[in-house]
Amino acid sequence: MKENQAAFMQEAIRLSIEQMRAGKGGPFGAVVVKDGQIIARGFNQVTSSNDPTAHAEVTAIREACKALGTFQLEGCELYTSCEPCPMCLGAIYWARPDKVYYANTQVDAAAIGFDDQFIYDEIAIPMPQRRIPFVHFMREEALTAFKEWQEKEDKLAY
């Protein structure tokens with residue numbers, strides 16, 4: 001690892017500790033780097049914002065996209081204090097950074113009560129049998145929006 005990579009990870013770790021101690025949320029921090037500079041910082045704000053999606057990676061991605069004026073993070077790297085959960089993993093893939101570095105592992109997070117394995121397990125279960133049942137209906141009506149999107153000439157594909 002290069003020295004600056006360690007500094008970026010140290011900043012993610014510092015955020016995780018500082019913001020947890022400040023009562024903002026769980027012990028998670030993240031930074032987005034472009035061209036060797038931190039362009040965005042994020043930390044877990046689930047409990048302080050009453051937003052279950054306010055994980056460190058998601059908040060860092062949101063801030064980076066605002067800073068860059070784009071919805072994708074090509075040319076960027078994400079440094080996060082912990083291996084991303086399934087939601088953050090999805091957000092990362094949608095944002096498309098070039099690389100992700102992480103410190104703590106999924107196993108480390110599970111050991112302190114942040115166990116995401118049940119989500120991975122739920123994905124493999126048929127929707128009606130999941131802990132939160134998913135009920136499929138009104139597909140034909142909803143397809144109207146998809147058909148219009150498909151035919152839309154001025155859409156910005158992503």
# chains A, B, ... in the order shown; residues from 1 in each chain; ligands from 1
$ residues_around --residues "Cys82 (chain A)" --least-positions-apart "2" --cutoff "7 Å" --atoms "only C-alpha atoms" --output "list in words"
Phe28, Thr80, Pro84, Tyr102, Ala103, Asn104 and Thr105 of chain A
$ select_by_dssp --residues "chain A" --states "helix (DSSP H, G or I)" --output "MDAnalysis selection string"
chainID A and resid 3:21 46:49 56:68 86:95 106:111 117:123 127:129 139:151
$ closest_residue --among "A:Val31, A:Ala64, A:Ile125, A:Met20" --to "Thr47 (chain A)" --atoms "only C-alpha atoms"
A:Met20
$ atom_distance --atom1 "CA of Gly36 (chain A)" --atom2 "CA of Gln106 (chain A)"
27.1 Å
$ select_by_dssp --residues "chain A" --states "strand (DSSP E or B)" --output "NGL selection string"
:A and (29-34 or 37-43 or 76-82 or 99-104)
$ residues_around --residues "Lys34 (chain A)" --least-positions-apart "4" --cutoff "7 Å" --atoms "only C-alpha atoms" --output "list in words"
Ile38, Ile39, Gly75, Cys76 and Glu77 of chain A
$ write_last_selection --atoms "all heavy atoms" --output "mmCIF file, in the first residue's frame"
data_model
loop_
_atom_site.group_PDB
_atom_site.id
_atom_site.type_symbol
_atom_site.label_atom_id
_atom_site.label_comp_id
_atom_site.auth_asym_id
_atom_site.auth_seq_id
_atom_site.Cartn_x
_atom_site.Cartn_y
_atom_site.Cartn_z
ATOM 1 N N ILE A 38 -9.064 13.732 -1.054
ATOM 2 C CA ILE A 38 -10.370 13.379 -0.495
ATOM 3 C C ILE A 38 -11.374 14.417 -0.984
ATOM 4 O O ILE A 38 -11.196 15.614 -0.760
ATOM 5 C CB ILE A 38 -10.335 13.341 1.040
ATOM 6 C CG1 ILE A 38 -9.424 12.204 1.518
ATOM 7 C CG2 ILE A 38 -11.754 13.179 1.612
ATOM 8 C CD1 ILE A 38 -9.211 12.154 3.018
ATOM 9 N N ILE A 39 -12.403 13.950 -1.664
ATOM 10 C CA ILE A 39 -13.434 14.870 -2.163
ATOM 11 C C ILE A 39 -14.723 14.772 -1.359
ATOM 12 O O ILE A 39 -15.588 15.641 -1.484
ATOM 13 C CB ILE A 39 -13.730 14.652 -3.660
ATOM 14 C CG1 ILE A 39 -14.266 13.236 -3.912
ATOM 15 C CG2 ILE A 39 -12.497 14.939 -4.499
ATOM 16 C CD1 ILE A 39 -14.914 13.061 -5.251
ATOM 17 N N GLY A 75 -13.218 6.991 -11.806
ATOM 18 C CA GLY A 75 -12.005 7.726 -11.505
ATOM 19 C C GLY A 75 -11.805 7.958 -10.018
ATOM 20 O O GLY A 75 -10.849 8.611 -9.619
ATOM 21 N N CYS A 76 -12.688 7.416 -9.204
ATOM 22 C CA CYS A 76 -12.619 7.592 -7.749
ATOM 23 C C CYS A 76 -12.344 6.266 -7.054
ATOM 24 O O CYS A 76 -12.563 5.195 -7.615
ATOM 25 C CB CYS A 76 -13.943 8.144 -7.211
ATOM 26 S SG CYS A 76 -14.360 9.796 -7.798
ATOM 27 N N GLU A 77 -11.875 6.382 -5.826
ATOM 28 C CA GLU A 77 -11.697 5.227 -4.952
ATOM 29 C C GLU A 77 -12.450 5.498 -3.655
ATOM 30 O O GLU A 77 -12.534 6.643 -3.216
ATOM 31 C CB GLU A 77 -10.226 4.993 -4.644
ATOM 32 C CG GLU A 77 -9.410 4.637 -5.867
ATOM 33 C CD GLU A 77 -7.925 4.488 -5.576
ATOM 34 O OE1 GLU A 77 -7.434 5.105 -4.607
ATOM 35 O OE2 GLU A 77 -7.271 3.744 -6.321
#
$ closest_atom_pairs --of "region 20-67 of chain A" --to "region 88-101 of chain A" --cutoff "9 Å" --atoms "only C-alpha atoms" --output "CSV"
residue,atom,partner,partner_atom,distance
A:Val32,CA,A:Pro97,CA,8.8
A:Thr53,CA,A:Cys88,CA,8.6
A:His55,CA,A:Cys88,CA,7.3
A:Ala56,CA,A:Cys88,CA,8.5
A:Glu57,CA,A:Cys88,CA,6.1
A:Val58,CA,A:Cys88,CA,6.2
A:Ile61,CA,A:Ala95,CA,7.3
A:Cys65,CA,A:Ala95,CA,8.6
$ write_last_selection --atoms "C-alpha atoms" --output "mmCIF file, in the first residue's frame"
data_model
loop_
_atom_site.group_PDB
_atom_site.id
_atom_site.type_symbol
_atom_site.label_atom_id
_atom_site.label_comp_id
_atom_site.auth_asym_id
_atom_site.auth_seq_id
_atom_site.Cartn_x
_atom_site.Cartn_y
_atom_site.Cartn_z
ATOM 1 C CA VAL A 32 -14.077 9.122 -1.509
ATOM 2 C CA THR A 53 -29.900 4.148 4.664
ATOM 3 C CA HIS A 55 -24.520 4.304 6.256
ATOM 4 C CA ALA A 56 -20.990 5.702 5.937
ATOM 5 C CA GLU A 57 -20.478 4.532 2.366
ATOM 6 C CA VAL A 58 -23.856 5.849 1.225
ATOM 7 C CA ILE A 61 -21.144 8.531 -2.105
ATOM 8 C CA CYS A 65 -21.662 12.900 -6.289
#
$ atom_distance --atom1 "CA of Glu151 (chain A)" --atom2 "CA of Leu73 (chain A)"
27.1 Å
$ closest_residue --among "A:Ala142, A:Ala40, A:Ala109, A:Met87" --to "Gly26 (chain A)" --atoms "only C-alpha atoms"
A:Ala109
$ closest_residue --among "A:Arg14, A:Asp35, A:Lys147, A:Gly25" --to "Glu74 (chain A)" --atoms "only C-alpha atoms"
A:Asp35
$ residues_around --residues "Leu156 (chain A)" --least-positions-apart "6" --cutoff "12 Å" --atoms "only C-alpha atoms" --output "PyMOL selection string"
chain A and resi 70-71+149-150
$ write_last_selection --atoms "N, CA, C and O atoms" --output "tab-separated table (two decimals), in the first residue's frame"
chain	number	residue	atom	x	y	z
A	70	THR	N	-22.20	14.68	-10.55
A	70	THR	CA	-22.48	13.50	-11.37
A	70	THR	C	-23.04	12.40	-10.48
A	70	THR	O	-22.94	12.46	-9.26
A	71	PHE	N	-23.63	11.39	-11.11
A	71	PHE	CA	-24.19	10.28	-10.34
A	71	PHE	C	-23.30	9.05	-10.38
A	71	PHE	O	-23.68	8.00	-9.88
A	149	TRP	N	-40.09	4.94	-20.66
A	149	TRP	CA	-38.65	5.14	-20.50
A	149	TRP	C	-37.90	4.56	-21.70
A	149	TRP	O	-36.99	5.18	-22.24
A	150	GLN	N	-38.31	3.38	-22.12
A	150	GLN	CA	-37.64	2.71	-23.23
A	150	GLN	C	-37.73	3.55	-24.50
A	150	GLN	O	-36.79	3.59	-25.29
$ atom_distance --atom1 "CA of Leu78 (chain A)" --atom2 "CA of Ala30 (chain A)"
7.0 Å
